[in-house]
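Listing of input.txt; format and content: compact mmCIF, C-alpha atoms and all ligand atoms.
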# COMPACT_ATOMS: atom_id res chain seq x y z
CA MET A 199 166.77 133.20 -145.67
CA SER A 200 165.71 134.76 -148.95
CA THR A 201 162.17 134.44 -150.31
CA PHE A 202 161.22 132.18 -153.22
CA GLU A 203 158.37 131.61 -155.65
CA LEU A 204 155.98 128.99 -154.26
CA SER A 205 155.44 127.55 -157.74
CA SER A 206 159.13 127.08 -158.56
CA GLN A 207 160.78 124.77 -156.04
CA PRO A 208 160.17 122.06 -153.44
CA HIS A 209 159.14 123.51 -150.11
CA ARG A 210 157.11 122.73 -147.03
CA ARG A 211 154.03 124.58 -145.87
CA PHE A 212 152.67 124.83 -142.36
CA ASN A 213 149.12 123.82 -141.49
CA PRO A 214 148.26 126.00 -138.45
CA LEU A 215 144.98 124.14 -137.83
CA ARG A 216 146.60 120.73 -137.48
CA ASN A 217 149.96 122.04 -136.39
CA GLU A 218 151.85 120.03 -139.01
CA TRP A 219 153.77 120.47 -142.26
CA VAL A 220 153.06 119.35 -145.81
CA LEU A 221 155.74 118.88 -148.46
CA VAL A 222 154.98 120.54 -151.83
CA SER A 223 156.86 119.42 -154.96
CA PRO A 224 155.52 121.52 -157.87
CA HIS A 225 158.25 120.37 -160.31
CA ARG A 226 156.91 116.78 -160.15
CA ALA A 227 153.42 117.59 -161.45
CA GLN A 228 154.23 116.36 -164.96
CA ARG A 229 155.87 113.03 -164.11
CA PRO A 230 154.55 110.01 -166.04
CA TRP A 231 152.03 107.67 -164.46
CA GLN A 232 152.41 103.90 -164.68
CA GLY A 233 150.40 102.79 -161.69
CA GLN A 234 146.86 101.65 -161.06
CA VAL A 235 144.01 102.94 -163.21
CA GLU A 236 140.62 102.61 -161.53
CA ALA A 237 137.75 101.20 -163.56
CA SER A 238 135.70 104.06 -164.95
CA GLN A 239 132.29 104.79 -163.47
CA ALA A 240 129.39 102.53 -164.42
CA GLU A 241 126.38 104.19 -166.09
CA GLU A 242 123.87 106.33 -164.18
CA PRO A 243 122.13 104.54 -161.29
CA PRO A 244 118.31 104.19 -161.47
CA LYS A 245 115.98 106.57 -159.56
CA TYR A 246 114.88 103.67 -157.38
CA ASP A 247 116.79 100.45 -156.71
CA PRO A 248 114.78 97.54 -155.23
CA ASP A 249 118.00 96.12 -153.76
CA CYS A 250 119.13 99.35 -152.05
CA TYR A 251 118.70 99.28 -148.27
CA LEU A 252 118.39 103.09 -148.20
CA CYS A 253 115.63 103.53 -150.79
CA PRO A 254 112.11 104.37 -149.50
CA GLY A 255 109.99 101.34 -148.55
CA ASN A 256 112.90 98.87 -148.70
CA LEU A 257 113.98 96.40 -146.05
CA ARG A 258 117.26 97.10 -144.23
CA ALA A 259 119.74 94.41 -143.17
CA GLY A 260 118.60 94.72 -139.54
CA GLY A 261 115.06 93.75 -140.59
CA VAL A 262 113.51 97.23 -140.32
CA ARG A 263 111.56 98.59 -143.29
CA ASN A 264 112.22 102.20 -144.39
CA PRO A 265 109.15 104.45 -144.53
CA ILE A 266 108.11 105.89 -147.90
CA TYR A 267 110.05 109.07 -147.07
CA ARG A 268 109.84 112.10 -149.38
CA GLU A 269 112.54 114.39 -147.99
CA THR A 270 115.56 113.63 -145.81
CA PHE A 271 115.32 110.55 -143.60
CA VAL A 272 117.41 109.76 -140.51
CA PHE A 273 117.76 106.49 -138.61
CA ASP A 274 120.14 104.76 -136.17
CA ASN A 275 122.83 102.84 -138.04
CA ASP A 276 121.95 99.14 -137.96
CA PHE A 277 125.65 98.30 -137.53
CA ALA A 278 126.63 101.21 -135.30
CA ALA A 279 130.26 101.58 -134.24
CA LEU A 280 129.09 103.28 -131.04
CA ARG A 281 126.22 102.40 -128.72
CA PRO A 282 124.59 104.48 -125.97
CA ASP A 283 123.77 101.63 -123.64
CA PHE A 284 127.04 100.28 -122.23
CA ALA A 285 128.33 100.99 -118.73
CA ASP A 286 131.21 103.35 -118.01
CA GLY A 287 134.51 101.61 -117.45
CA LYS A 288 138.25 101.28 -117.79
CA SER A 289 140.64 98.47 -118.54
CA GLU A 290 144.12 99.25 -117.33
CA GLN A 291 146.50 96.33 -117.66
CA SER A 292 149.52 98.60 -117.56
CA GLU A 293 150.47 102.17 -118.36
CA LEU A 294 151.18 101.06 -121.92
CA GLN A 295 147.96 99.11 -122.42
CA ARG A 296 145.02 101.33 -121.57
CA ALA A 297 141.42 101.23 -122.75
CA GLU A 298 138.34 103.19 -121.82
CA SER A 299 134.69 102.59 -122.60
CA GLU A 300 133.23 104.90 -125.24
CA ALA A 301 129.51 105.59 -125.45
CA GLY A 302 127.81 107.23 -128.40
CA ARG A 303 125.41 106.95 -131.26
CA CYS A 304 125.69 106.56 -135.02
CA ARG A 305 123.00 107.91 -137.32
CA VAL A 306 122.51 107.64 -141.07
CA VAL A 307 121.03 110.56 -143.03
CA CYS A 308 119.48 109.83 -146.43
CA PHE A 309 119.76 113.13 -148.28
CA SER A 310 116.98 112.34 -150.76
CA PRO A 311 114.51 109.55 -151.52
CA ARG A 312 115.99 109.48 -155.04
CA HIS A 313 118.65 106.78 -155.42
CA ASP A 314 120.38 108.57 -158.31
CA LEU A 315 120.83 112.06 -156.87
CA THR A 316 123.88 113.55 -155.17
CA LEU A 317 124.31 116.94 -153.50
CA ALA A 318 125.56 118.21 -156.88
CA ARG A 319 122.27 117.26 -158.52
CA MET A 320 119.84 118.34 -155.81
CA SER A 321 118.22 121.80 -155.70
CA VAL A 322 119.25 124.42 -153.14
CA ALA A 323 115.90 123.91 -151.36
CA GLU A 324 116.47 120.15 -151.21
CA ILE A 325 120.00 120.60 -149.85
CA GLN A 326 118.66 123.06 -147.30
CA GLY A 327 116.46 120.21 -146.05
CA VAL A 328 119.66 118.25 -145.43
CA VAL A 329 121.26 121.26 -143.68
CA ASP A 330 118.19 121.63 -141.42
CA THR A 331 118.37 117.93 -140.57
CA TRP A 332 122.07 118.26 -139.67
CA CYS A 333 121.18 121.20 -137.38
CA GLU A 334 118.40 119.26 -135.60
CA GLU A 335 120.58 116.18 -135.18
CA PHE A 336 123.52 118.19 -133.82
CA GLN A 337 121.24 119.83 -131.28
CA GLN A 338 119.46 116.65 -130.24
CA LEU A 339 122.52 114.43 -130.03
CA GLY A 340 124.65 117.17 -128.49
CA SER A 341 122.17 117.73 -125.67
CA GLN A 342 122.46 114.12 -124.48
CA PRO A 343 124.46 113.71 -121.27
CA ARG A 344 127.18 111.37 -122.59
CA VAL A 345 127.80 113.20 -125.88
CA ARG A 346 130.70 115.68 -126.13
CA ALA A 347 131.21 115.84 -129.89
CA VAL A 348 129.02 115.36 -132.95
CA GLN A 349 130.76 114.49 -136.23
CA ILE A 350 128.70 115.03 -139.39
CA PHE A 351 130.26 113.63 -142.57
CA GLU A 352 129.68 112.17 -146.01
CA ASN A 353 131.78 109.44 -147.54
CA ARG A 354 131.10 109.36 -151.26
CA GLY A 355 132.02 106.92 -153.99
CA ALA A 356 133.38 103.40 -154.24
CA MET A 357 136.93 104.82 -154.31
CA MET A 358 136.36 106.05 -150.75
CA GLY A 359 135.02 102.67 -149.66
CA CYS A 360 131.36 103.68 -149.89
CA SER A 361 129.57 100.91 -151.76
CA ASN A 362 126.04 102.36 -151.85
CA PRO A 363 125.50 105.22 -154.35
CA HIS A 364 122.26 106.30 -152.61
CA PRO A 365 123.00 109.87 -151.41
CA HIS A 366 123.58 109.66 -147.68
CA GLY A 367 125.82 110.82 -144.89
CA GLN A 368 126.57 109.81 -141.35
CA ILE A 369 126.56 111.37 -137.92
CA TRP A 370 128.63 109.93 -135.12
CA ALA A 371 128.15 111.27 -131.59
CA ASN A 372 130.96 110.54 -129.14
CA GLU A 373 131.45 110.58 -125.42
CA THR A 374 134.94 112.04 -125.90
CA VAL A 375 136.23 114.68 -128.32
CA PRO A 376 137.95 112.79 -131.19
CA ASP A 377 141.65 113.51 -131.82
CA GLU A 378 141.26 115.38 -135.16
CA LEU A 379 138.84 117.84 -133.60
CA ALA A 380 140.81 118.08 -130.35
CA ARG A 381 143.93 118.94 -132.33
CA GLU A 382 142.19 121.76 -134.23
CA ILE A 383 140.64 123.08 -131.01
CA ALA A 384 144.07 123.22 -129.38
CA SER A 385 145.49 125.24 -132.32
CA GLN A 386 142.55 127.63 -132.41
CA LYS A 387 142.66 128.09 -128.65
CA GLU A 388 146.42 128.75 -128.63
CA TYR A 389 146.02 131.37 -131.41
CA TYR A 390 143.03 132.95 -129.68
CA GLU A 391 144.86 133.34 -126.39
CA ARG A 392 148.07 134.60 -127.98
CA ARG A 393 146.55 137.08 -130.48
CA ASN A 394 143.09 137.68 -129.07
CA ALA A 395 141.68 136.76 -132.48
CA CYS A 396 140.08 133.82 -134.25
CA LEU A 397 142.49 131.76 -136.37
CA LEU A 398 140.05 130.88 -139.13
CA GLU A 399 138.53 134.37 -139.21
CA ASP A 400 141.99 135.90 -139.69
CA TYR A 401 142.84 133.25 -142.29
CA LEU A 402 139.60 133.86 -144.20
CA HIS A 403 140.36 137.60 -144.36
CA LEU A 404 143.82 136.92 -145.81
CA GLU A 405 142.43 134.61 -148.47
CA LEU A 406 139.65 137.04 -149.39
CA GLU A 407 142.31 139.74 -149.89
CA GLN A 408 144.70 137.55 -151.90
CA THR A 409 141.92 135.75 -153.88
CA GLU A 410 144.26 133.24 -155.61
CA ARG A 411 143.09 130.23 -153.61
CA LEU A 412 139.35 131.04 -153.65
CA VAL A 413 137.03 128.62 -155.46
CA CYS A 414 133.57 130.13 -154.98
CA ALA A 415 131.74 132.21 -152.41
CA ASN A 416 128.48 133.80 -151.42
CA GLN A 417 127.50 136.29 -148.73
CA HIS A 418 127.59 133.61 -146.03
CA PHE A 419 130.23 131.01 -147.00
CA VAL A 420 133.58 130.81 -148.81
CA ALA A 421 135.06 127.69 -150.43
CA LEU A 422 138.83 127.74 -150.97
CA VAL A 423 141.81 125.45 -151.43
CA PRO A 424 143.72 125.99 -148.19
CA PHE A 425 147.36 127.15 -148.39
CA TRP A 426 148.31 123.89 -146.60
CA ALA A 427 146.05 121.47 -148.58
CA VAL A 428 147.29 117.87 -148.71
CA TRP A 429 144.83 116.22 -151.10
CA PRO A 430 145.08 117.50 -154.72
CA PHE A 431 141.67 119.20 -154.77
CA GLU A 432 141.09 119.51 -151.04
CA THR A 433 138.85 122.43 -150.05
CA LEU A 434 137.92 124.24 -146.88
CA LEU A 435 134.47 125.75 -146.48
CA ILE A 436 134.34 128.60 -143.93
CA SER A 437 131.33 130.55 -142.66
CA GLN A 438 131.72 134.30 -143.17
CA ARG A 439 130.29 134.94 -139.70
CA ARG A 440 132.03 133.27 -136.80
CA VAL A 441 129.74 130.65 -135.27
CA GLY A 442 130.69 127.46 -133.47
CA SER A 443 128.09 125.10 -134.88
CA LEU A 444 125.47 124.60 -137.60
CA PRO A 445 122.38 125.32 -135.41
CA GLU A 446 123.74 128.83 -134.78
CA LEU A 447 123.28 129.67 -138.48
CA CYS A 448 120.22 131.80 -139.28
CA SER A 449 117.91 130.70 -142.08
CA GLN A 450 119.62 132.88 -144.74
CA GLU A 451 122.97 131.40 -143.74
CA ARG A 452 121.56 127.89 -144.03
CA THR A 453 120.39 128.73 -147.56
CA GLY A 454 123.88 130.12 -148.19
CA LEU A 455 125.42 126.85 -147.02
CA ALA A 456 123.09 124.84 -149.28
CA ASP A 457 124.00 127.10 -152.21
CA ILE A 458 127.75 126.79 -151.70
CA LEU A 459 127.60 122.99 -151.19
CA ARG A 460 125.70 122.68 -154.46
CA ARG A 461 128.12 124.92 -156.36
CA LEU A 462 131.24 123.27 -154.94
CA THR A 463 130.06 119.71 -155.62
CA ILE A 464 129.03 120.65 -159.19
CA ARG A 465 132.53 122.02 -159.76
CA TYR A 466 133.98 118.80 -158.36
CA ASP A 467 131.83 116.65 -160.71
CA ASN A 468 132.70 118.89 -163.68
CA LEU A 469 136.45 118.70 -163.03
CA PHE A 470 136.83 115.17 -164.44
CA ARG A 471 133.24 114.73 -165.68
CA THR A 472 132.55 112.07 -163.11
CA SER A 473 130.57 111.67 -159.91
CA PHE A 474 133.44 112.97 -157.77
CA PRO A 475 134.41 110.85 -154.75
CA TYR A 476 135.32 112.51 -151.46
CA THR A 477 135.08 112.55 -147.72
CA MET A 478 133.44 115.77 -146.60
CA GLY A 479 132.61 116.74 -143.04
CA PHE A 480 132.01 119.60 -140.63
CA HIS A 481 134.06 120.57 -137.66
CA GLN A 482 131.93 122.11 -134.94
CA ARG A 483 132.50 123.05 -131.32
CA PRO A 484 132.15 120.25 -128.76
CA THR A 485 128.79 119.93 -127.02
CA ASP A 486 129.99 119.87 -123.42
CA GLU A 487 129.27 122.78 -121.09
CA VAL A 488 132.49 124.62 -121.97
CA ALA A 489 132.48 127.82 -124.09
CA TYR A 490 134.55 127.75 -127.29
CA PRO A 491 134.86 131.43 -128.31
CA GLU A 492 137.87 130.56 -130.52
CA PHE A 493 136.00 127.98 -132.58
CA HIS A 494 134.89 128.79 -136.13
CA LEU A 495 132.51 126.46 -138.01
CA HIS A 496 134.01 124.95 -141.16
CA ALA A 497 133.94 121.89 -143.41
CA HIS A 498 136.78 119.93 -145.01
CA SER A 499 136.49 118.10 -148.32
CA TYR A 500 139.15 115.46 -148.96
CA PRO A 501 138.80 114.06 -152.50
CA PRO A 502 141.33 111.45 -153.69
CA LEU A 503 141.30 112.18 -157.46
CA LEU A 504 144.48 113.64 -158.93
CA ARG A 505 144.55 113.73 -162.71
CA SER A 506 141.39 112.11 -164.11
CA ALA A 507 138.29 110.18 -163.10
CA SER A 508 140.50 107.13 -162.65
CA ILE A 509 143.87 108.42 -161.44
CA ARG A 510 143.97 108.96 -157.73
CA LYS A 511 146.42 110.07 -155.11
CA PHE A 512 147.63 107.53 -152.58
CA MET A 513 148.82 108.36 -149.10
CA VAL A 514 151.54 105.73 -148.84
CA GLY A 515 155.27 105.35 -148.38
CA TYR A 516 156.79 108.65 -147.29
CA GLU A 517 153.37 109.96 -146.28
CA MET A 518 152.70 107.07 -143.91
CA LEU A 519 156.17 107.20 -142.46
CA ALA A 520 157.19 110.85 -142.60
CA MET A 521 154.84 113.63 -143.74
CA PRO A 522 152.13 114.36 -146.32
CA GLN A 523 153.29 115.46 -149.76
CA ARG A 524 151.62 116.91 -152.86
CA ASP A 525 152.70 117.68 -156.42
CA ILE A 526 150.35 120.24 -158.01
CA THR A 527 150.25 123.37 -155.88
CA PRO A 528 147.11 124.50 -154.04
CA GLU A 529 147.19 127.62 -156.27
CA THR A 530 147.05 125.51 -159.46
CA ALA A 531 144.28 123.34 -157.98
CA SER A 532 142.14 126.33 -157.03
CA ALA A 533 142.65 127.93 -160.47
CA ARG A 534 141.40 124.72 -162.09
CA LEU A 535 138.34 124.53 -159.83
CA ARG A 536 137.64 128.23 -160.29
CA GLU A 537 137.51 128.12 -164.09
CA LEU A 538 134.83 125.37 -164.12
CA SER A 539 131.17 125.94 -164.88
CA GLU A 540 128.52 125.79 -162.15
CA THR A 541 126.13 123.95 -164.45
CA HIS A 542 126.44 120.21 -163.93
CA TYR A 543 127.91 118.40 -166.95
CA LEU A 544 124.98 115.96 -167.04
CA GLU A 545 122.43 118.81 -167.16
CA LYS A 546 124.10 120.35 -170.18
CA ALA A 547 123.62 117.41 -172.50
ZN ZN A 601 118.68 103.79 -152.90
ZN ZN A 602 138.65 121.28 -139.23
Take the structure from the file and write it as structure tokens.
Amino acid sequence: MSTFELSSQPHRRFNPLRNEWVLVSPHRAQRPWQGQVEASQAEEPPKYDPDCYLCPGNLRAGGVRNPIYRETFVFDNDFAALRPDFADGKSEQSELQRAESEAGRCRVVCFSPRHDLTLARMSVAEIQGVVDTWCEEFQQLGSQPRVRAVQIFENRGAMMGCSNPHPHGQIWANETVPDELAREIASQKEYYERRNACLLEDYLHLELEQTERLVCANQHFVALVPFWAVWPFETLLISQRRVGSLPELCSQERTGLADILRRLTIRYDNLFRTSFPYTMGFHQRPTDEVAYPEFHLHAHSYPPLLRSASIRKFMVGYEMLAMPQRDITPETASARLRELSETHYLEKA
């Protein structure tokens, strides 16, 4: 097989973390759009909303009143998908119809008492408060006997199904290691055993050498559009030092994480001059008693927007039935994110 220019023809790229392929069709990037246009963002939310169940001092649906919190605030989700207090059990009707009990806990983290702020509009010190809270929660939840994995994530924007604009994230702690994480562990473990090296550490070194997919970086973290990105402006955030989880970061590294989260989310907002929707979350080593020397802390951001504040990518049709596909290349996406300012568009006015 001869080599080809990645920007010139349809091709597929391998995702070594998920062990799957993505179809890239760069020639389609200019095709006309006649589909759905989302309603454009309403005006700025107020600093405090009396009807918001996350604002300080307000009543939640479960009947509990929030304290007048001044920094980050964490509580058990009133409508938790997982509960810690059910017995262990199995339901095995046949080999093809199996179910197992799943214990766990779901927490909600309010990033700020301010209803109108997002990570992109908080200071580095304020975001570091969120990072510290994530670290404490990971440690506390992970040390509980029936918790093997702690998933920290943020679902932002109505387009992602998040109806409350109050800046908040979630933490789900599971009795079993969820499939997405298990899949990435298997790939990292296979690479580690075969090459005696860390997959994401090797990958980070390649990207730092090539530079064309980098978005922004500091001494402790690098944000890049991965070679195998599926979502148009998907990014991967990798720690420069190999650690398995957030609590292993020293205080300078936590500041570095806060700094890079701020800079990346500002770039996202500036891209289409909108409060950018996404699902962002960390992948960390499981919290069972096993060692995970192959595991490298990282975060994925999966934003749906494609061409403007209202034109989004859908994962339908071929993608549901066959494989993920993208039009603009990861190289074009990273170049667009790279050229943006790190001053938020609303601060400039
Ligand atoms: Zn609120
Ligand atoms: Zn991951």
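Shortest atom-to-atom contact with ligand ZN 601 (chain A) among A:Asp525, A:Glu269, A:Asp314, A:Asp457: A:Asp314, counting only C-alpha atoms and all ligand atoms.
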query: What's the 7 Å shell around region 477-491 of chain A, counting all atoms listed in the file, without same-chain residues fewer than 6 positions away, as a PyMOL selection string?
result: chain A and resi 340+345-347+349-354+375+379+442-443+497-501
With all atoms listed in the file counted and 10 Å as the cut-off, give the residues of chain A in contact with ligand ZN 601 (chain A), each with its shortest interatomic distance in Å and the pair that gives it, as CSV.
residue,atom,partner,partner_atom,distance
A:Pro243,CA,A:ZN601,ZN,9.1
A:Pro244,CA,A:ZN601,ZN,8.6
A:Lys245,CA,A:ZN601,ZN,7.7
A:Tyr246,CA,A:ZN601,ZN,5.9
A:Asp247,CA,A:ZN601,ZN,5.4
A:Pro248,CA,A:ZN601,ZN,7.7
A:Asp249,CA,A:ZN601,ZN,7.7
A:Cys250,CA,A:ZN601,ZN,4.5
A:Tyr251,CA,A:ZN601,ZN,6.5
A:Leu252,CA,A:ZN601,ZN,4.8
A:Cys253,CA,A:ZN601,ZN,3.7
A:Pro254,CA,A:ZN601,ZN,7.4
A:Asn256,CA,A:ZN601,ZN,8.7
A:Cys308,CA,A:ZN601,ZN,8.9
A:Ser310,CA,A:ZN601,ZN,9.0
A:Pro311,CA,A:ZN601,ZN,7.2
A:Arg312,CA,A:ZN601,ZN,6.6
A:His313,CA,A:ZN601,ZN,3.9
A:Asp314,CA,A:ZN601,ZN,7.4
A:Leu315,CA,A:ZN601,ZN,9.4
A:Asn362,CA,A:ZN601,ZN,7.6
A:Pro363,CA,A:ZN601,ZN,7.1
A:His364,CA,A:ZN601,ZN,4.4
A:Pro365,CA,A:ZN601,ZN,7.6
A:His366,CA,A:ZN601,ZN,9.3
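In this structure, CA of Ser205 (chain A) sits 12.7 Å away from CA of Leu221 (chain A).
Comparing A:Ile509, A:Leu459, A:Leu544, A:Cys448 by their smallest distance to Ser473 (chain A), the closest is A:Leu544 (using all atoms listed in the file).
For the point (128.0, 100.1, -121.5), the residues with an atom at a distance of at most 10 Å are Arg281, Pro282, Asp283, Phe284, Ala285, Asp286, Gly287, Ser299, Glu300, Ala301 and Gly302 of chain A, counting all atoms listed in the file.
When all atoms listed in the file are used to compute distances to ligand ZN 602 (chain A), the closest of the residues A:Thr472, A:Ser385, A:Ser532, A:Ser508 turns out to be A:Ser385.
In this comparison, which uses all atoms listed in the file, the residue of A:Pro224, A:Gly260, A:Gly255, A:Pro502 approaching Trp429 (chain A) most closely is A:Pro502.
The closest residue to ligand ZN 602 (chain A), picked from A:Asp467, A:Glu382, A:Asp330, A:Glu391 and counting all atoms listed in the file, is A:Glu382.
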task: List the neighbours of Arg440 (chain A) out to 10 Å using all atoms listed in the file; skip same-chain residues closer than 3 positions along the sequence, and give me the result as number ranges by chain.
output: A: 396, 398-399, 436-437, 443, 446-447, 491-496
message: When you count all atoms listed in the file, which of these residues is closest to Val329 (chain A): A:Ala415, A:Leu317, A:Ala395, A:Leu215?
response: A:Leu317
Test item: axis-aligned box, all listed atoms of region 360-365 of chain A, 6 Å on each side, centre and edges in Å rounded to one decimal, as lines of an AutoDock Vina configuration file:
center_x = 126.8
center_y = 105.4
center_z = -152.1
size_x = 21.1
size_y = 21.0
size_z = 16.5
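What separates CA of Arg305 (chain A) from CA of Tyr476 (chain A) is a distance of 19.3 Å.
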message: Would you pick out the contacts of Arg303 (chain A) at 10 Å or less, using all atoms listed in the file, so that residues sharing its chain but fewer than 4 positions from it are not included, and give the list as a ChimeraX atom specification?
response: /A:274-275,278-283,339,344-345,348,369-373
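Between CA of Leu422 (chain A) and CA of Glu378 (chain A) the interatomic distance comes to 20.2 Å.
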message: Residues near Pro208 (chain A), anyone? I mean within 12 Å using all atoms listed in the file, not counting same-chain ones fewer than 3 positions away, as a PyMOL selection string.
response: chain A and resi 202-205+211+220-227+523-527
Completion of region 286-300 of chain A up to N, CA, C and O atoms, as a compact mmCIF listing (two decimals), keeping the file's coordinate frame:
# COMPACT_ATOMS: atom_id res chain seq x y z
N ASP A 286 129.94 102.64 -118.07
CA ASP A 286 131.21 103.35 -118.01
C ASP A 286 132.29 102.42 -117.49
O ASP A 286 132.02 101.66 -116.57
N GLY A 287 133.49 102.46 -118.04
CA GLY A 287 134.51 101.61 -117.45
C GLY A 287 135.89 101.82 -118.01
O GLY A 287 136.08 102.55 -118.98
N LYS A 288 136.85 101.19 -117.39
CA LYS A 288 138.25 101.28 -117.79
C LYS A 288 138.86 99.90 -117.78
O LYS A 288 138.44 99.04 -117.00
N SER A 289 139.86 99.70 -118.61
CA SER A 289 140.64 98.47 -118.54
C SER A 289 142.09 98.90 -118.55
O SER A 289 142.58 99.41 -119.56
N GLU A 290 142.75 98.76 -117.42
CA GLU A 290 144.12 99.25 -117.33
C GLU A 290 145.05 98.11 -116.93
O GLU A 290 145.23 97.82 -115.76
N GLN A 291 145.60 97.44 -117.96
CA GLN A 291 146.50 96.33 -117.66
C GLN A 291 147.87 96.85 -117.26
O GLN A 291 148.55 96.29 -116.42
N SER A 292 148.27 97.94 -117.92
CA SER A 292 149.52 98.60 -117.56
C SER A 292 149.46 99.99 -118.14
O SER A 292 148.54 100.32 -118.88
N GLU A 293 150.45 100.80 -117.84
CA GLU A 293 150.47 102.17 -118.36
C GLU A 293 150.49 102.17 -119.88
O GLU A 293 150.01 103.09 -120.53
N LEU A 294 151.03 101.12 -120.47
CA LEU A 294 151.18 101.06 -121.92
C LEU A 294 150.03 100.33 -122.61
O LEU A 294 150.03 100.18 -123.81
N GLN A 295 149.09 99.85 -121.84
CA GLN A 295 147.96 99.11 -122.42
C GLN A 295 146.67 99.57 -121.75
O GLN A 295 146.16 98.91 -120.85
N ARG A 296 146.19 100.74 -122.21
CA ARG A 296 145.02 101.33 -121.57
C ARG A 296 143.82 101.31 -122.50
O ARG A 296 143.97 101.49 -123.71
N ALA A 297 142.65 101.13 -121.96
CA ALA A 297 141.42 101.23 -122.75
C ALA A 297 140.33 101.84 -121.89
O ALA A 297 140.33 101.69 -120.66
N GLU A 298 139.45 102.58 -122.53
CA GLU A 298 138.34 103.19 -121.82
C GLU A 298 137.06 102.94 -122.60
O GLU A 298 137.08 102.91 -123.82
N SER A 299 135.96 102.80 -121.90
CA SER A 299 134.69 102.59 -122.60
C SER A 299 134.34 103.88 -123.36
O SER A 299 134.75 104.96 -122.98
N GLU A 300 133.62 103.74 -124.45
CA GLU A 300 133.23 104.90 -125.24
C GLU A 300 131.76 104.74 -125.62
O GLU A 300 131.40 103.81 -126.34
